[in-house]
There are 4 protein chains.
Amino acid sequence: MNKNRIEAFSDGIFAIVITIMVFEIKIPHVDITELNHALLAILPKIMAYVLSFVIIGVYWVSHHNMMHFLESVDRTALWLNNLVLLTVALIPFPTALLGEYPNTTTPVVLYGLLLAAVNFSGTIFWHYSTNNSRLSKKNLNPAFVKRVKIFHSLPIFIYLFAVLMSFFSTYISYFLFIGVPLFFIIPNPLLNRMLSKPFIEN
Amino acid sequence: MNKNRIEAFSDGIFAIVITIMVFEIKIPHVDITELNHALLAILPKIMAYVLSFVIIGVYWVSHHNMMHFLESVDRTALWLNNLVLLTVALIPFPTALLGEYPNTTTPVVLYGLLLAAVNFSGTIFWHYSTNNSRLSKKNLNPAFVKRVKIFHSLPIFIYLFAVLMSFFSTYISYFLFIGVPLFFIIPNPLLNRMLSKPFIEN
Amino acid sequence: MNKNRIEAFSDGIFAIVITIMVFEIKIPHVDITELNHALLAILPKIMAYVLSFVIIGVYWVSHHNMMHFLESVDRTALWLNNLVLLTVALIPFPTALLGEYPNTTTPVVLYGLLLAAVNFSGTIFWHYSTNNSRLSKKNLNPAFVKRVKIFHSLPIFIYLFAVLMSFFSTYISYFLFIGVPLFFIIPNPLLNRMLSKPFIEN
Amino acid sequence: MNKNRIEAFSDGIFAIVITIMVFEIKIPHVDITELNHALLAILPKIMAYVLSFVIIGVYWVSHHNMMHFLESVDRTALWLNNLVLLTVALIPFPTALLGEYPNTTTPVVLYGLLLAAVNFSGTIFWHYSTNNSRLSKKNLNPAFVKRVKIFHSLPIFIYLFAVLMSFFSTYISYFLFIGVPLFFIIPNPLLNRMLSKPFIEN
């Protein structure tokens with residue numbers, strides 16, 4: 001199985017998931033005089049959509065970054081990648097739950113656990129692919145490999161902490177859900193250091 | 001992040017959004033004797049679909065045109081592009097509202113504001129990418145860069161004017177919503193001048 | 001606008017339309033003892049899906065064949081192609097109607113008119129692109145160009161005839177709807193002759 | 001018709017089917033106090049989704065493997081491939097049925113029959129394409145061709161057996177439905193032998 005095909009297949013799944021979620025936002029069927037009120041009630045669904053759009057966008061970028069440093073993909077890596085895609089493809093479900101029950105613990109728990117699962121499977125994928133330079137490019141810096149592993153697995157703990165916090169206040173959980181992608185989007189020195197020196201110069 | 005991947009990802013999202021909207025047009029479940037009548041009532045939804053199809057088609061073309069003149073894409077441009085994609089991906093929602101409540105102000109307002117947001121984010125993307133030739137191709141004509149900026153930002157004002165007009169007559173708003181894409185589809189001297197001389201000859 | 005991008009965008013739309021239609025076949029929510037009976041009632045929807053799958057498959061193949069003989073695509077051809085895509089993207093709507101009201105005239109009429117519209121816009125696209133060799137490849141045989149035009153426009157008349165027949169018997173219409181794609185799928189001497197000698201040898 | 005286009009079109013359909021199925025898992029609309037209970041009731045739907053995700057994943061991999069050994073694709077192979085895609089595109093329907101009626105015979109029967117149909121059409125595609133080296137690459141090992149045929153057609157019998165077993169216990173059927181993809185995912189000596197020596201060395 002060729003690396004480019006897996007990338008194209010993964011890209012397709014990312015694009016479909018990120019787009020189709022919007023169709024979970026059903027328009028209200030009410031009397032015209034009630035429309036504005038009914039639309040306001042939909043606002044949490046739109047916000048849940050935007051949140052998942054941004055989070056999946058970050059996953060898409062980091063998926064590419066990981067793939068970029070691989071030379072090839074074997075059968076095990078292919079199925080570990082499929083595991084990542086499965087967890088990503090499930091995101092619309094807790095997203096719709098979040099939009100419907102925004103201040104309830106259960107949807108926040110499911111959302112946080114699923115995001116943790118995406119990062120967990122992504123970390124396994126990266127670990128397997130780079131371990132002993134199994135599939136990674138030549139001269140890939142072991143320190144860089146480790147840094148990617150840390151940055152990809154750290155959100156697992158943050159998401160699990162958000163799950164825990166949801167039993168006290170869902171607002172703290174949302175704050176954490178929003179914070180993680182923002183860290184990867186907004187340029188910052190920590191991120192720049194992480195992305196530096198991927199290859200060993202010799 | 002490589003420019004081609006971003007183009008392919010964006011293309012996927014454009015293709016999905018433009019196609020899936022049609023599934024918002026639900027068939028009626030009525031007695032056969034009522035069917036023709038029920039189908040006539042669906043006509044506004046079909047027209048709303050066709051309108052958004054054409055508008056997204058124009059966005060897709062102008063997205064490619066902008067990408068065509070870029071040499072590369074950096075992290076900031078990537079996320080500005082994702083912002084464009086987010087606004088495009090939201091279009092099915094007010095489109096479905098328009099189809100359901102065609103002569104009501106609120107859906108027209110939301111539709112106009114969202115279209116303005118697409119053009120606004122697209123303009124920011126273009127401004128960022130071409131400012132001081134940050135990501136644009138060599139010899140790109142500054143006058144061309146400016147003309148693209150003007151033509152991409154002008155619809156913002158037209159859409160906002162349509163939003164304003166919707167409080168008086170939604171027909172004026174529809175006239176403007178239809179007029180903007182037609183300007184970019186039907187060959188005209190203004191458009192031809194805009195697209196001329198993208199590069200400085202030396 | 002580059003020809004490859006338009007092909008990829010069109011392919012995406014064809015793939016999405018052909019696949020998503022299946023989600024119009026809603027599963028029944030009945031008591032288990034009623035399930036088999038309820039599933040039998042869904043059979044027309046499955047058959048309507050299969051019919052549209054095959055018809056869109058034929059359109060996809062002929063779309064590629066036409067594109068194959070073009071050298072480039074200009075603004076007008078791009079929008080004529082978008083017109084083809086718009087008509088194709090609308091197919092799920094009358095398909096769902098056919099599945100819901102299989103023996104009623106109106107859905108058959110709408111289905112036939114839409115298919116005629118696909119072939120009509122495709123014929124215009126081909127005519128525009130090949131007229132005076134505007135966009136077509138060098139040495140393209142004028143007799144071949146004409147044959148493609150005839151074979152692409154003939155179904156228009158057959159579909160319109162099927163529309164007419166639906167007022168007498170929808171079975172005749174279905175027979176014609178099935179016959180057209182089968183002609184293009186099953187190898188036959190007429191088709192082989194049509195596809196022969198696309199280029200003038202010199 | 002060029003082989004790459006068919007691969008890209010097929011990839012698109014696989015990616016769409018595998019992703020969109022998740023939208024069949026509708027969130028419950030209940031009182032918050034009932035939410036956890038209502039979500040537990042959805043568990044069979046999520047499990048049905050995961051099962052079909054894995055099965056379609058295996059089909060996608062084997063589709064690529066088969067395509068990989070072909071030199072070109074003719075009109076007949078194109079339509080045999082479309083037959084494979086049609087059966088794959090139908091999978092969401094019995095998957096949704098399985099999720100709704102997990103312990104009922106009919107959905108298991110339909111699911112098993114459809115999976116058997118996917119493998120059957122895939123086997124025909126492979127047989128047609130490789131028979132007398134019609135479309136396959138030079139030096140392709142006849143023993144390898146035969147082994148692929150056996151491994152691609154064996155699941156037909158297992159799925160049909162699962163259909164039969166569903167009249168006694170749907171658990172046996174599920175065990176078989178899960179076992180087949182696992183055989184192709186988990187590395188094992190039988191699979192490794194199958195994939196060995198595709199080409200004759202000379």
# chains A, B, ... in the order shown; residues from 1 in each chain; ligands from 1
>>> residues_around(residues="range 55-64 of chain C", least_positions_apart="4", cutoff="7 Å", atoms="only C-alpha atoms", output="PDB file with C-alpha atoms, in the first residue's frame")
ATOM      1  CA  PHE C  14     -20.059  12.496  -9.274  1.00  0.00           C
ATOM      2  CA  ILE C  18     -23.726   8.525  -6.565  1.00  0.00           C
ATOM      3  CA  LEU C  51     -31.244   2.890 -11.508  1.00  0.00           C
ATOM      4  CA  HIS C  68     -10.351  13.482 -22.689  1.00  0.00           C
ATOM      5  CA  PRO C 181     -27.782   3.325 -19.809  1.00  0.00           C
ATOM      6  CA  PHE C 184     -23.962   2.509 -23.213  1.00  0.00           C
TER       7      PHE C 184
END
>>> interface_residues(of="chain D", to="chain C", cutoff="7 Å", atoms="only C-alpha atoms", output="ChimeraX atom specification")
/D:9,12-13,16-17,89-90,96-97
>>> closest_residue(among="D:Val108, D:Leu115, D:Ala48, D:Leu43", to="Leu154 in chain D", atoms="only C-alpha atoms")
D:Leu115
>>> select_by_dssp(residues="range 76-143 of chain C", states="helix (DSSP H, G or I)", output="PyMOL selection string")
chain C and resi 76-90+92-100+105-133+142-143
>>> residues_around(residues="Met47 in chain D", least_positions_apart="5", cutoff="10 Å", atoms="only C-alpha atoms", output="list in words")
Ile42, Ser52, Phe53, Thr95, Leu98, Gly99 and Pro102 of chain D
>>> atom_distance(atom1="CA of Lys197 in chain D", atom2="CA of Ile178 in chain D")
28.3 Å
>>> residues_around(residues="Ile200 in chain D", least_positions_apart="2", cutoff="8 Å", atoms="only C-alpha atoms", output="PyMOL selection string")
chain D and resi 139-141+197-198+202
>>> write_last_selection(atoms="N, CA, C and O atoms", output="compact mmCIF listing (two decimals), in the first residue's frame")
# COMPACT_ATOMS: atom_id res chain seq x y z
N ASN D 139 4.22 -10.87 -16.36
CA ASN D 139 4.92 -11.73 -15.41
C ASN D 139 4.16 -11.97 -14.11
O ASN D 139 4.72 -12.45 -13.13
N LEU D 140 2.88 -11.56 -14.10
CA LEU D 140 2.08 -11.82 -12.90
C LEU D 140 1.96 -13.33 -12.74
O LEU D 140 1.57 -14.05 -13.66
N ASN D 141 2.30 -13.79 -11.55
CA ASN D 141 2.35 -15.22 -11.26
C ASN D 141 0.94 -15.85 -11.27
O ASN D 141 0.10 -15.46 -10.47
N LYS D 197 5.31 -13.58 -3.50
CA LYS D 197 5.65 -13.89 -4.90
C LYS D 197 4.56 -13.55 -5.92
O LYS D 197 4.08 -14.43 -6.65
N PRO D 198 4.18 -12.29 -6.00
CA PRO D 198 3.17 -11.95 -7.01
C PRO D 198 3.69 -12.05 -8.44
O PRO D 198 2.92 -12.32 -9.35
N ASN D 202 12.31 -14.05 -13.67
CA ASN D 202 12.92 -14.80 -14.79
C ASN D 202 14.35 -14.33 -15.05
O ASN D 202 14.88 -13.51 -14.35
>>> closest_residue(among="B:Met67, B:Ala117, B:Leu85, B:Leu78", to="Met1 in chain B", atoms="only C-alpha atoms")
B:Leu78
>>> atom_distance(atom1="CA of Leu135 in chain A", atom2="CA of Asp74 in chain A")
7.8 Å
>>> residues_around(residues="Ile156 in chain B", least_positions_apart="5", cutoff="9 Å", atoms="only C-alpha atoms", output="ChimeraX atom specification")
/B:112-113,115-120,161
>>> residues_around(residues="Pro107 in chain D", least_positions_apart="3", cutoff="7 Å", atoms="only C-alpha atoms", output="list in words")
Pro94, Leu97, Leu98, Tyr101, Thr104, Leu110 and Tyr111 of chain D
>>> residues_around(residues="Ile124 in chain A", least_positions_apart="6", cutoff="10 Å", atoms="only C-alpha atoms", output="PyMOL selection string")
chain A and resi 77+80-81+83-84+130+149+152-153
>>> write_last_selection(atoms="N, CA, C and O atoms", output="CSV table (one decimal), in the first residue's frame")
chain,number,residue,atom,x,y,z
A,77,ALA,N,0.9,-0.1,10.1
A,77,ALA,CA,0.7,1.4,10.1
A,77,ALA,C,-0.6,1.8,9.4
A,77,ALA,O,-1.3,2.7,9.9
A,80,LEU,N,-3.3,1.1,11.9
A,80,LEU,CA,-3.2,2.1,13.0
A,80,LEU,C,-3.8,3.5,12.4
A,80,LEU,O,-4.5,4.2,13.2
A,81,ASN,N,-3.5,3.8,11.2
A,81,ASN,CA,-4.0,5.0,10.6
A,81,ASN,C,-5.5,4.9,10.5
A,81,ASN,O,-6.2,5.9,10.7
A,83,LEU,N,-7.4,3.3,12.4
A,83,LEU,CA,-7.9,3.5,13.8
A,83,LEU,C,-8.1,5.0,14.0
A,83,LEU,O,-9.1,5.5,14.6
A,84,VAL,N,-7.1,5.8,13.6
A,84,VAL,CA,-7.1,7.3,13.8
A,84,VAL,C,-8.4,7.8,13.0
A,84,VAL,O,-9.2,8.6,13.6
A,130,THR,N,7.8,5.4,13.8
A,130,THR,CA,9.1,5.9,14.0
A,130,THR,C,10.1,5.1,14.9
A,130,THR,O,11.3,5.3,14.9
A,149,LYS,N,6.0,13.2,19.7
A,149,LYS,CA,5.3,12.2,20.6
A,149,LYS,C,4.7,12.9,21.8
A,149,LYS,O,3.6,12.7,22.2
A,152,HIS,N,1.9,15.3,20.8
A,152,HIS,CA,0.7,14.6,20.3
A,152,HIS,C,0.0,13.9,21.5
A,152,HIS,O,-1.2,13.7,21.4
A,153,SER,N,0.7,13.6,22.5
A,153,SER,CA,0.1,12.8,23.6
A,153,SER,C,-0.3,13.7,24.8
A,153,SER,O,-1.2,13.3,25.5
